[in-house]
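Engineer: Input file: query36.cif. Contents: mmCIF, C-alpha atoms.
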```
data_upload
loop_
_atom_site.label_atom_id
_atom_site.label_comp_id
_atom_site.auth_asym_id
_atom_site.auth_seq_id
_atom_site.Cartn_x
_atom_site.Cartn_y
_atom_site.Cartn_z
CA MET A 1 -15.05 9.38 1.91
CA THR A 2 -11.61 10.02 0.46
CA PHE A 3 -8.44 11.00 2.32
CA GLU A 4 -5.31 12.30 0.64
CA ASP A 5 -2.20 14.27 1.44
CA TRP A 6 -1.73 17.47 -0.54
CA TYR A 7 1.61 19.06 -1.41
CA THR A 8 2.31 22.44 -2.94
CA THR A 9 4.76 20.93 -5.45
CA GLU A 10 4.12 18.09 -7.91
CA PHE A 11 5.94 14.88 -7.01
CA TYR A 12 8.22 14.61 -10.04
CA VAL A 13 9.15 18.28 -9.89
CA ARG A 14 10.10 17.79 -6.26
CA GLN A 15 12.13 14.66 -7.04
CA GLU A 16 14.06 16.34 -9.84
CA TYR A 17 14.92 19.13 -7.42
CA ILE A 18 16.12 16.66 -4.76
CA GLU A 19 18.26 14.78 -7.27
CA SER A 20 19.87 18.03 -8.45
CA LEU A 21 21.22 18.80 -4.98
CA GLU A 22 24.86 18.13 -4.21
CA ASP A 23 23.84 17.41 -0.63
CA ALA A 24 20.22 16.40 0.06
CA ARG A 25 20.69 17.37 3.71
CA THR A 26 20.25 20.99 2.56
CA LEU A 27 16.70 20.16 1.39
CA VAL A 28 13.96 22.42 2.73
CA PRO A 29 11.13 20.13 3.98
CA ASN A 30 7.81 20.22 2.14
CA TYR A 31 5.17 19.07 4.62
CA PRO A 32 1.70 18.21 3.29
CA ARG A 33 -1.77 19.29 4.24
CA ALA A 34 -4.71 16.88 4.01
CA LEU A 35 -7.77 16.76 1.78
CA ILE A 36 -11.01 15.15 2.92
CA ASN A 37 -13.40 14.43 0.06
CA GLY A 38 -11.27 16.75 -2.03
CA TYR A 39 -11.54 19.71 0.34
CA ASP A 40 -8.88 21.19 2.57
CA GLY A 41 -9.20 19.78 6.07
CA ASN A 42 -12.13 21.15 8.01
CA ASN A 43 -13.88 22.59 4.93
CA THR A 44 -15.51 19.28 4.02
CA ALA A 45 -19.32 19.14 3.88
CA PRO A 46 -21.08 17.43 6.81
CA ILE A 47 -22.07 13.77 6.89
CA THR A 48 -25.85 13.64 7.34
CA PHE A 49 -27.41 10.88 9.47
CA VAL A 50 -31.09 10.13 9.98
CA PRO A 51 -31.84 8.54 13.37
CA LYS A 52 -32.05 4.72 13.50
CA ARG A 53 -30.75 4.24 9.96
CA ARG A 54 -27.73 2.12 9.07
CA TYR A 55 -25.12 3.63 6.73
CA ARG A 56 -22.39 2.10 4.64
CA LEU A 57 -19.36 4.37 4.50
CA ARG A 58 -16.78 3.61 1.82
CA ILE A 59 -13.42 4.98 3.01
CA ILE A 60 -10.55 5.33 0.53
CA CYS A 61 -7.01 6.36 1.47
CA MET A 62 -5.76 8.05 -1.71
CA SER A 63 -2.61 9.28 -0.01
CA VAL A 64 0.84 9.10 -1.59
CA ASN A 65 2.83 9.14 1.66
CA ASN A 66 0.68 9.81 4.73
CA TRP A 67 -1.34 7.47 6.94
CA PHE A 68 -4.86 8.40 8.06
CA LYS A 69 -6.94 7.54 11.11
CA PHE A 70 -10.72 7.98 11.03
CA ARG A 71 -13.22 7.83 13.90
CA ILE A 72 -16.75 8.96 14.71
CA PRO A 73 -16.69 9.25 18.50
CA GLY A 74 -19.87 7.95 20.04
CA HIS A 75 -20.43 5.54 17.12
CA LYS A 76 -19.11 2.04 16.50
CA MET A 77 -18.00 0.93 13.04
CA THR A 78 -18.37 -2.57 11.64
CA ILE A 79 -15.98 -3.46 8.81
CA ILE A 80 -17.67 -5.44 6.02
CA GLU A 81 -15.14 -5.04 3.19
CA ALA A 82 -11.46 -4.29 2.59
CA ASP A 83 -9.84 -3.51 -0.77
CA GLY A 84 -12.95 -4.66 -2.62
CA VAL A 85 -13.23 -8.03 -0.82
CA GLU A 86 -16.23 -8.72 1.44
CA SER A 87 -15.34 -9.65 5.01
CA MET A 88 -17.02 -11.13 8.03
CA PRO A 89 -18.35 -8.27 10.23
CA LEU A 90 -15.66 -6.89 12.55
CA GLU A 91 -16.49 -4.14 15.04
CA VAL A 92 -13.83 -1.45 15.56
CA ASP A 93 -13.57 2.00 17.10
CA GLY A 94 -11.86 3.48 14.06
CA LEU A 95 -9.80 2.87 10.95
CA SER A 96 -6.02 3.17 10.62
CA MET A 97 -5.23 3.27 6.91
CA GLY A 98 -2.01 3.31 4.94
CA PRO A 99 -1.70 4.66 1.38
CA GLY A 100 -3.82 2.67 -1.06
CA GLN A 101 -6.03 0.89 1.48
CA ARG A 102 -9.84 0.89 1.32
CA TYR A 103 -12.62 -0.15 3.69
CA SER A 104 -16.40 -0.26 3.89
CA VAL A 105 -17.94 0.11 7.34
CA ILE A 106 -21.49 0.00 8.65
CA VAL A 107 -22.41 2.75 11.11
CA THR A 108 -25.76 2.74 12.89
CA ALA A 109 -27.17 6.18 13.65
CA HIS A 110 -28.42 6.98 17.13
CA LYS A 111 -32.12 6.73 17.90
CA SER A 112 -32.47 10.46 18.57
CA ASP A 113 -31.56 13.64 16.68
CA GLU A 114 -31.01 15.52 19.94
CA PHE A 115 -27.29 16.01 19.19
CA ASN A 116 -24.89 16.40 16.31
CA TYR A 117 -21.40 14.85 16.54
CA LEU A 118 -17.91 15.38 15.16
CA TYR A 119 -15.85 12.88 13.23
CA ASN A 120 -12.05 12.92 13.60
CA VAL A 121 -9.45 12.52 10.85
CA THR A 122 -5.76 12.43 11.71
CA SER A 123 -3.14 12.61 8.96
CA TYR A 124 0.38 11.58 9.90
CA SER A 125 3.56 10.13 8.49
CA PRO A 126 5.43 7.33 10.29
CA VAL A 127 8.57 8.60 8.54
CA LEU A 128 8.14 12.32 9.17
CA LEU A 129 7.16 11.79 12.80
CA ARG A 130 10.87 11.57 13.51
CA ASP A 131 11.27 15.08 12.11
CA ALA A 132 10.65 17.70 14.79
CA GLY A 133 9.19 20.05 12.16
CA PHE A 134 6.24 17.82 11.30
CA LYS A 135 3.28 17.17 13.58
CA PRO A 136 0.18 15.05 12.88
CA LEU A 137 -2.64 17.05 11.34
CA VAL A 138 -5.96 16.66 13.16
CA TYR A 139 -9.24 17.61 11.49
CA THR A 140 -12.89 17.42 12.54
CA GLY A 141 -16.08 17.39 10.51
CA LEU A 142 -19.75 17.51 11.38
CA VAL A 143 -21.99 14.45 11.62
CA LYS A 144 -25.32 16.21 11.28
CA TYR A 145 -28.50 14.70 12.72
CA ARG A 146 -30.46 17.96 12.75
CA ASP A 147 -29.82 21.55 11.71
CA GLY A 148 -29.02 23.63 14.76
CA ALA A 149 -28.66 20.70 17.16
CA PRO A 150 -25.84 21.14 19.71
CA VAL A 151 -22.64 19.20 19.14
CA LYS A 152 -22.08 16.52 21.75
CA THR A 153 -18.43 16.27 22.74
CA ILE A 154 -17.20 12.74 23.37
CA PRO A 155 -14.03 12.34 25.50
CA ALA A 156 -11.21 10.93 23.37
CA PRO A 157 -9.30 7.97 24.90
CA SER A 158 -5.76 7.33 23.73
CA ASP A 159 -5.28 5.17 20.64
CA GLU A 160 -3.92 2.34 22.80
CA HIS A 161 -7.35 1.94 24.39
CA LEU A 162 -9.24 1.79 21.08
CA VAL A 163 -9.85 -1.13 18.73
CA TRP A 164 -8.28 -0.67 15.28
CA PRO A 165 -8.37 -3.19 12.41
CA GLU A 166 -5.46 -5.64 12.33
CA GLU A 167 -4.44 -7.35 9.10
CA THR A 168 -4.88 -10.78 10.72
CA ALA A 169 -8.09 -10.08 12.67
CA MET A 170 -10.37 -9.81 9.64
CA GLN A 171 -11.89 -12.90 8.03
CA VAL A 172 -13.12 -13.30 4.48
CA ALA A 173 -16.87 -13.56 3.97
CA ASP A 174 -16.73 -16.59 1.64
CA LYS A 175 -15.01 -18.61 4.40
CA GLN A 176 -12.06 -19.79 2.28
CA THR A 177 -9.43 -21.49 4.44
CA ARG A 178 -5.66 -21.12 4.13
CA LEU A 179 -4.07 -22.15 0.87
CA PRO A 180 -1.26 -24.71 1.23
CA ALA A 181 1.97 -23.09 -0.02
CA ASP A 182 3.98 -24.67 -2.86
CA ARG A 183 6.74 -22.07 -2.89
CA ARG A 184 8.12 -19.37 -0.61
CA ILE A 185 9.68 -16.07 -1.65
CA GLU A 186 11.26 -14.00 1.11
CA LEU A 187 11.79 -10.29 0.53
CA THR A 188 13.50 -7.81 2.86
CA VAL A 189 13.13 -4.03 2.86
CA ASN A 190 16.52 -2.35 2.57
CA LYS A 191 17.66 1.24 2.38
CA PHE A 192 20.89 3.17 2.08
CA ILE A 193 22.04 6.75 1.65
CA ASP A 194 23.88 7.58 -1.57
CA LYS A 195 26.83 9.94 -1.91
CA HIS A 196 24.45 12.91 -2.20
CA HIS A 197 22.66 11.83 1.00
CA VAL A 198 19.55 10.80 -0.95
CA LEU A 199 17.63 7.87 0.55
CA LEU A 200 17.26 4.85 -1.77
CA ASN A 201 15.06 1.80 -1.12
CA ALA A 202 15.01 -1.78 -2.33
CA LEU A 203 12.90 -4.89 -1.79
CA SER A 204 15.71 -7.10 -2.95
CA SER A 205 19.45 -6.72 -3.41
CA SER A 206 18.96 -4.07 -6.10
CA LEU A 207 16.71 -1.10 -6.77
CA TYR A 208 13.85 -1.58 -9.19
CA LYS A 209 14.38 0.50 -12.33
CA PRO A 210 12.58 0.34 -15.70
CA VAL A 211 14.47 -1.37 -18.53
CA LEU A 212 14.48 -0.71 -22.29
CA VAL A 213 11.81 -3.30 -23.12
CA PRO A 214 8.68 -3.41 -20.95
CA THR A 215 8.68 -6.69 -19.05
CA LEU A 216 5.34 -7.77 -20.56
CA TYR A 217 6.82 -7.53 -24.06
CA THR A 218 9.81 -9.62 -23.01
CA ALA A 219 7.53 -12.26 -21.49
CA LEU A 220 5.56 -12.46 -24.74
CA SER A 221 8.47 -12.39 -27.19
CA MET A 222 11.23 -14.54 -25.67
CA GLY A 223 9.66 -17.96 -26.09
CA ASP A 224 10.85 -20.60 -23.64
CA LEU A 225 13.55 -18.25 -22.31
CA ALA A 226 10.77 -16.13 -20.80
CA LYS A 227 10.71 -18.67 -17.95
CA ASN A 228 14.25 -17.59 -16.98
CA SER A 229 14.24 -14.47 -14.79
CA SER A 230 17.66 -13.37 -16.11
CA VAL A 231 16.25 -12.23 -19.46
CA TYR A 232 14.29 -9.42 -17.83
CA GLY A 233 17.39 -7.69 -16.48
CA PRO A 234 18.52 -7.38 -12.85
CA GLN A 235 16.90 -3.94 -12.62
CA THR A 236 13.42 -5.49 -12.67
CA ASN A 237 13.89 -7.79 -9.65
CA ALA A 238 11.82 -10.32 -11.61
CA TYR A 239 10.48 -13.55 -10.12
CA VAL A 240 9.01 -16.09 -12.56
CA LEU A 241 6.02 -17.99 -11.18
CA LYS A 242 4.61 -21.31 -12.40
CA HIS A 243 0.99 -21.53 -13.45
CA LEU A 244 -1.37 -22.34 -10.55
CA GLU A 245 1.32 -22.76 -7.90
CA VAL A 246 0.48 -21.29 -4.49
CA VAL A 247 3.11 -18.70 -3.68
CA GLU A 248 3.89 -17.57 -0.14
CA ILE A 249 5.44 -14.11 0.09
CA VAL A 250 7.19 -12.98 3.27
CA ILE A 251 8.07 -9.28 3.50
CA ASN A 252 10.54 -8.45 6.28
CA ASN A 253 10.97 -4.86 7.40
CA PRO A 254 14.01 -4.46 9.68
CA ILE A 255 14.03 -0.65 9.46
CA GLY A 256 12.13 2.10 11.25
CA ASP A 257 9.67 3.01 8.45
CA ASP A 258 6.12 1.71 8.06
CA HIS A 259 5.06 0.66 4.57
CA THR A 260 1.97 -0.41 2.67
CA PHE A 261 2.65 -2.90 -0.11
CA HIS A 262 0.31 -3.22 -3.08
CA PHE A 263 -0.05 -6.39 -5.14
CA HIS A 264 -1.07 -5.93 -8.77
CA GLY A 265 -2.99 -8.76 -10.43
CA HIS A 266 -3.95 -10.55 -7.21
CA ASN A 267 -5.57 -10.32 -3.84
CA VAL A 268 -3.52 -12.15 -1.22
CA GLN A 269 -4.40 -14.13 1.89
CA VAL A 270 -3.01 -12.50 5.03
CA ILE A 271 -1.49 -15.39 7.01
CA GLU A 272 0.71 -13.92 9.73
CA THR A 273 2.35 -10.76 11.07
CA GLY A 274 5.03 -10.36 13.72
CA PRO A 275 8.27 -8.71 14.86
CA TYR A 276 11.40 -8.58 12.73
CA GLY A 277 14.58 -6.74 13.63
CA ASN A 278 15.37 -4.62 16.65
CA SER A 279 12.68 -2.07 17.47
CA SER A 280 14.53 -0.94 20.61
CA THR A 281 16.91 1.13 18.48
CA ASP A 282 14.34 3.93 18.25
CA ASN A 283 12.18 3.06 21.27
CA ARG A 284 9.26 1.61 19.33
CA LYS A 285 6.79 -0.85 20.78
CA PRO A 286 7.50 -4.28 19.20
CA VAL A 287 5.07 -5.51 16.56
CA ALA A 288 2.78 -8.16 18.06
CA HIS A 289 2.94 -11.69 16.68
CA GLN A 290 -0.47 -12.63 15.24
CA GLN A 291 -1.75 -15.55 13.17
CA SER A 292 -4.72 -15.21 10.86
CA GLU A 293 -8.12 -16.47 11.87
CA LEU A 294 -9.83 -19.57 10.43
CA TRP A 295 -10.73 -17.82 7.17
CA PRO A 296 -7.83 -15.42 6.38
CA MET A 297 -8.75 -12.10 4.83
CA TRP A 298 -7.93 -11.44 1.19
CA ARG A 299 -6.83 -7.96 0.14
CA ASP A 300 -4.44 -6.28 -2.29
CA THR A 301 -2.73 -3.70 -0.05
CA VAL A 302 -1.16 -4.70 3.28
CA GLN A 303 0.64 -2.81 6.02
CA VAL A 304 4.13 -3.87 7.03
CA ARG A 305 5.07 -2.12 10.24
CA ALA A 306 8.52 -0.92 11.22
CA TYR A 307 10.57 -3.83 12.59
CA GLY A 308 7.85 -6.24 11.54
CA PHE A 309 7.02 -8.82 8.89
CA ILE A 310 3.96 -10.06 7.03
CA ARG A 311 3.31 -13.44 5.42
CA VAL A 312 0.74 -13.72 2.61
CA ARG A 313 -0.27 -16.30 -0.02
CA PHE A 314 -1.94 -16.37 -3.42
CA ARG A 315 -2.50 -18.80 -6.27
CA ALA A 316 -0.75 -17.92 -9.53
CA ASP A 317 -3.90 -18.21 -11.63
CA ASN A 318 -3.66 -14.91 -13.53
CA PRO A 319 -0.90 -15.14 -16.19
CA GLY A 320 0.73 -11.76 -16.71
CA VAL A 321 3.36 -9.36 -15.43
CA TRP A 322 2.47 -7.98 -12.01
CA PHE A 323 4.07 -5.29 -9.89
CA LEU A 324 4.56 -5.56 -6.12
CA HIS A 325 5.56 -2.18 -4.72
CA CYS A 326 5.51 0.03 -1.69
CA HIS A 327 2.53 2.36 -1.99
CA LEU A 328 4.46 5.33 -0.60
CA ALA A 329 5.30 7.26 -3.75
CA ILE A 330 8.76 8.27 -2.58
CA HIS A 331 9.70 4.66 -1.78
CA MET A 332 8.33 3.27 -5.05
CA TYR A 333 10.15 5.96 -7.03
CA ASN A 334 13.36 5.11 -5.20
CA GLY A 335 13.15 1.42 -6.15
CA LEU A 336 11.14 -0.43 -3.47
CA ALA A 337 9.49 -2.93 -5.82
CA VAL A 338 9.73 -6.30 -7.55
CA VAL A 339 7.98 -7.86 -10.55
CA PHE A 340 6.22 -11.21 -10.75
CA VAL A 341 6.28 -12.73 -14.24
CA GLU A 342 3.44 -15.19 -13.89
CA ALA A 343 3.22 -18.25 -16.15
CA PRO A 344 4.85 -16.70 -19.24
CA ASP A 345 4.33 -19.93 -21.20
CA VAL A 346 0.57 -19.77 -20.59
CA LEU A 347 0.58 -16.02 -21.20
CA GLN A 348 2.09 -16.53 -24.67
CA GLN A 349 -0.69 -18.97 -25.57
CA ARG A 350 -3.54 -16.81 -24.33
CA GLN A 351 -2.64 -13.19 -24.97
CA SER A 352 -1.06 -10.85 -27.45
CA VAL A 353 -0.47 -7.11 -27.41
CA PRO A 354 -2.90 -5.16 -29.64
CA GLU A 355 -1.19 -3.73 -32.72
CA ALA A 356 -2.35 -0.23 -31.76
CA MET A 357 -0.43 -0.57 -28.46
CA VAL A 358 2.70 -1.74 -30.26
CA GLU A 359 2.50 1.21 -32.65
CA MET A 360 2.03 3.65 -29.78
CA CYS A 361 5.17 2.29 -28.09
CA LYS A 362 7.17 2.53 -31.30
CA ARG A 363 6.16 6.18 -31.76
CA GLN A 364 7.59 6.85 -28.29
CA GLY A 365 10.82 4.99 -29.04
CA ILE A 366 9.94 2.10 -26.71
CA LEU A 367 11.23 -1.30 -27.80
CA THR A 368 8.61 -4.06 -28.05
CA GLN A 369 10.62 -7.28 -28.46
CA GLY A 370 13.58 -9.08 -26.96
CA ASN A 371 15.05 -9.28 -23.49
CA GLY A 372 15.20 -6.32 -21.12
CA ALA A 373 17.81 -4.68 -23.32
CA GLY A 374 16.04 -5.43 -26.60
CA ASN A 375 18.55 -8.15 -27.51
CA GLN A 376 18.23 -11.91 -27.91
CA GLY A 377 19.18 -14.56 -25.38
CA PHE A 378 21.00 -13.34 -22.30
CA ASP A 379 22.80 -10.44 -23.97
CA LEU A 380 21.83 -7.47 -21.79
CA SER A 381 24.35 -5.04 -23.24
CA GLY A 382 22.92 -1.56 -23.54
CA LEU A 383 21.12 -1.60 -20.20
CA PRO A 384 22.21 0.98 -17.63
CA PRO A 385 23.98 -0.74 -14.72
CA ALA A 386 21.82 -2.13 -11.94
CA ILE A 387 22.10 -0.35 -8.58
CA TYR A 388 22.93 -2.89 -5.89
CA LEU A 389 22.75 -2.19 -2.19
CA PRO A 390 25.98 -2.37 -0.23
CA SER A 391 26.37 -5.74 1.47
#
```
Here is a file; write its structure as structure tokens.
Structural biologist:
Amino acid sequence: MTFEDWYTTEFYVRQEYIESLEDARTLVPNYPRALINGYDGNNTAPITFVPKRRYRLRIICMSVNNWFKFRIPGHKMTIIEADGVESMPLEVDGLSMGPGQRYSVIVTAHKSDEFNYLYNVTSYSPVLLRDAGFKPLVYTGLVKYRDGAPVKTIPAPSDEHLVWPEETAMQVADKQTRLPADRRIELTVNKFIDKHHVLLNALSSSLYKPVLVPTLYTALSMGDLAKNSSVYGPQTNAYVLKHLEVVEIVINNPIGDDHTFHFHGHNVQVIETGPYGNSSTDNRKPVAHQQSELWPMWRDTVQVRAYGFIRVRFRADNPGVWFLHCHLAIHMYNGLAVVFVEAPDVLQQRQSVPEAMVEMCKRQGILTQGNGAGNQGFDLSGLPPAIYLPS
């Protein structure tokens, strides 16, 4: 099953409009609808169950901004996979999914086809919930055991009384224990409002922005200097990683927005989550402090709750240039990202860019050698100025 938010205006068209405003506070909100399996809300075809059979449901949150919750009242779900990684079985009442997250669950059908049931899908935005004009969208779909069977209504308890998957509660199926960390990188979500009242986001002291030379080309063409993060330009928020070191990443979120962060090039071990910052400023329940189980789960997209933090680890065993970004399209577009340049010395020995790719870049006017500005050494003249957050 796929879940996605659906807007009446394409993202980049909308962003160009926002950036053209003298005062973004005059913006007319554009609230989304939701698609389930590509269909608008309740128009999705039924899920068909045969009594006593076990079903694997693959659930994909393809959303750009909204979160989704999914339940089949009257049926338990057992998680067996997250983001393509097999997990130890974990029984839950439903799934709470941020943009980019994926799960597989096992659902066992009832023994009788006496009744049909309804599944519930709720689409909501942790950001837009503070806007009085936006309400969560609630949809239902049929779980069909038999044509014409009556639908059995199951009373719905509040979310607080249901079991939802926690990042730290899952355990990996191959029983790999915690990696010992060699290095720690601490990142903090920041935001500020510019002079046009447009919200900007950063995962460092500056906003991520593309530079003149793609970072992969700089890593491949700058020789030994590729191990110095300065050559990539401050706009890239680049961190250079050593080959095979175990890197611990801590993402702190002291603001009132939930995020999902997606790691390119790696799955990461989820080690710990907990509170960070002051949640009492907007009357939120504090994030609970939780350590991972014996065999921490590996996944590539993790939730970082408002006023919370997450701690993850991975081994730098995949030389390349890898993006870490918020999976909310608006936040990524506004600069909430960093780049990991992993083992550039090993990368130069093992890989090269195909000539056809180089030619394609040249036809588009994209530089393919040099530092972030296309120059040698640390000369970054020609780059647009980096946008730093106010201290």
Engineer: When you count only C-alpha atoms, which of these residues is closest to Pro165 of chain A: A:Thr78, A:Thr108, A:Gln369, A:Ser230?
Structural biologist: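 So, comparing all the options, the nearest one is A:Thr78.
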Engineer: List every residue of segment 175-279 of chain A that has an atom at most 6 Å from any atom of segment 299-321 of chain A, and for each one report the closest atom pair and its distance in Å to one decimal, counting all atoms listed in the file, with rows sorted by chain and then by increasing residue number, as CSV.
Structural biologist:
```
residue,atom,partner,partner_atom,distance
A:Leu216,CA,A:Val321,CA,5.7
A:His243,CA,A:Ala316,CA,5.6
A:Leu244,CA,A:Ala316,CA,4.6
A:Glu245,CA,A:Ala316,CA,5.5
A:Val246,CA,A:Arg315,CA,4.3
A:Val247,CA,A:Arg313,CA,5.5
A:Glu248,CA,A:Arg313,CA,4.4
A:Ile249,CA,A:Val312,CA,5.3
A:Val250,CA,A:Arg311,CA,4.5
A:Ile251,CA,A:Ile310,CA,5.5
A:Asn252,CA,A:Phe309,CA,4.4
A:Asn253,CA,A:Tyr307,CA,5.3
A:Pro254,CA,A:Tyr307,CA,4.5
A:Ile255,CA,A:Tyr307,CA,5.6
A:Gly256,CA,A:Ala306,CA,4.7
A:Asp257,CA,A:Ala306,CA,4.9
A:Asp258,CA,A:Arg305,CA,4.5
A:His259,CA,A:Val304,CA,5.2
A:Thr260,CA,A:Gln303,CA,4.3
A:Phe261,CA,A:Val302,CA,5.4
A:His262,CA,A:Thr301,CA,4.3
A:Phe263,CA,A:Asp300,CA,5.2
A:Asn267,CA,A:Asp300,CA,4.5
A:Val268,CA,A:Phe314,CA,5.0
A:Gln269,CA,A:Arg313,CA,5.0
A:Val270,CA,A:Val312,CA,4.6
A:Ile271,CA,A:Val312,CA,5.2
A:Glu272,CA,A:Arg311,CA,5.1
A:Thr273,CA,A:Ile310,CA,4.4
A:Gly274,CA,A:Phe309,CA,5.4
A:Pro275,CA,A:Gly308,CA,4.2
A:Tyr276,CA,A:Gly308,CA,4.4
A:Gly277,CA,A:Tyr307,CA,5.1
A:Ser279,CA,A:Tyr307,CA,5.6
```
Engineer: Measuring between all atoms listed in the file, which one of A:Trp164, A:Phe49, A:Tyr55, A:Tyr388 shows the shortest distance to Asn190 of chain A?
Structural biologist: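 Result for the nearest residue to Asn190 of chain A: A:Tyr388.
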Engineer: Hey, what comes out of the PyMOL selection byres ((chain A and resi 235) around 6) on this file? Could you write it as a list in words?
Structural biologist: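 Given this file, the PyMOL selection byres ((chain A and resi 235) around 6) evaluates to Tyr208, Lys209, Gly233, Pro234, Thr236, Asn237 and Ala386 of chain A.
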Engineer: Just say which residues the PyMOL selection byres ((chain A and resi 166) around 10) picks in this file, as a PDB file with C-alpha atoms, keeping the file's coordinate frame.
Structural biologist:
```pdb
ATOM      1  CA  VAL A  92     -13.830  -1.450  15.560  1.00  0.00           C
ATOM      2  CA  LEU A  95      -9.800   2.870  10.950  1.00  0.00           C
ATOM      3  CA  SER A  96      -6.020   3.170  10.620  1.00  0.00           C
ATOM      4  CA  VAL A 163      -9.850  -1.130  18.730  1.00  0.00           C
ATOM      5  CA  TRP A 164      -8.280  -0.670  15.280  1.00  0.00           C
ATOM      6  CA  PRO A 165      -8.370  -3.190  12.410  1.00  0.00           C
ATOM      7  CA  GLU A 167      -4.440  -7.350   9.100  1.00  0.00           C
ATOM      8  CA  THR A 168      -4.880 -10.780  10.720  1.00  0.00           C
ATOM      9  CA  ALA A 169      -8.090 -10.080  12.670  1.00  0.00           C
ATOM     10  CA  MET A 170     -10.370  -9.810   9.640  1.00  0.00           C
ATOM     11  CA  THR A 273       2.350 -10.760  11.070  1.00  0.00           C
ATOM     12  CA  GLN A 290      -0.470 -12.630  15.240  1.00  0.00           C
ATOM     13  CA  SER A 292      -4.720 -15.210  10.860  1.00  0.00           C
ATOM     14  CA  GLN A 303       0.640  -2.810   6.020  1.00  0.00           C
TER      15      GLN A 303
END
```
Engineer: Using Å and a single decimal, report how far atom CA of Ala219 of chain A sits from atom CA of Gly365 of chain A.
Structural biologist: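 Separation between atom CA of Gly365 of chain A and atom CA of Ala219 of chain A: 19.1 Å.
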Engineer: Taking all atoms listed in the file into account, which of A:Asp93, A:Glu186, A:Glu81, A:Asp345 comes nearest Gly223 of chain A?
Structural biologist: A:Asp345
Engineer: So, counting only C-alpha atoms, which residue among A:Leu324, A:Thr153, A:Met88, A:Val211 is closest to Leu187 of chain A?
Structural biologist: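 Using only C-alpha atoms, the shortest distance to Leu187 of chain A belongs to A:Leu324.
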Engineer: Could you list the residues chosen by the PyMOL selection byres ((chain A and resi 76) around 12) in this structure as a PyMOL selection string?
Structural biologist: chain A and resi 54-55+70-75+77-79+90-95+105-110+119+162-164
Engineer: Of the candidates A:Ala343, A:Met97, A:Leu220, A:Ala202, which shows the shortest atom-to-atom distance to Tyr124 of chain A, using all atoms listed in the file?
Structural biologist: A:Met97
Engineer: Can you list, as a list in words, every protein, DNA or RNA residue that comes within 12 Å of Trp6 of chain A when you count all atoms listed in the file, leaving out same-chain residues fewer than 2 positions away?
Structural biologist: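 Neighbouring residues, sequence-local ones excluded: Phe3, Glu4, Thr8, Thr9, Glu10, Phe11, Asn30, Tyr31, Pro32, Arg33, Ala34, Leu35, Ile36, Gly38, Tyr39, Asp40, Gly41, Met62, Ser63, Val64, Asn65, Asn66, Ser123 and Leu137 of chain A.
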Engineer: If I put a ball of radius 8 Å at (22.1, -1.5, -0.8) in the file's coordinates, which residues poke into it when counting all atoms listed in the file, written as a list of chain:residue names?
Structural biologist: A:Asn190, A:Lys191, A:Phe192, A:Asn201, A:Ala202, A:Ser205, A:Ser206, A:Ile387, A:Tyr388, A:Leu389, A:Pro390, A:Ser391
Engineer: Which of these residues is nearest to Asp224 of chain A, using only C-alpha atoms: A:Pro89, A:Gly382, A:Gly374, A:Pro344?
Structural biologist: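 Among the listed residues, the smallest separation from Asp224 of chain A belongs to A:Pro344.
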Engineer: How far is it from atom CA of Tyr145 of chain A to atom CA of Phe68 of chain A, in Å with one decimal?
Structural biologist: 24.9 Å
Engineer: What's the separation between atom CA of Arg53 of chain A and atom CA of Tyr117 of chain A, in Å to one decimal place?
Structural biologist: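 These atoms are spaced 15.6 Å apart.
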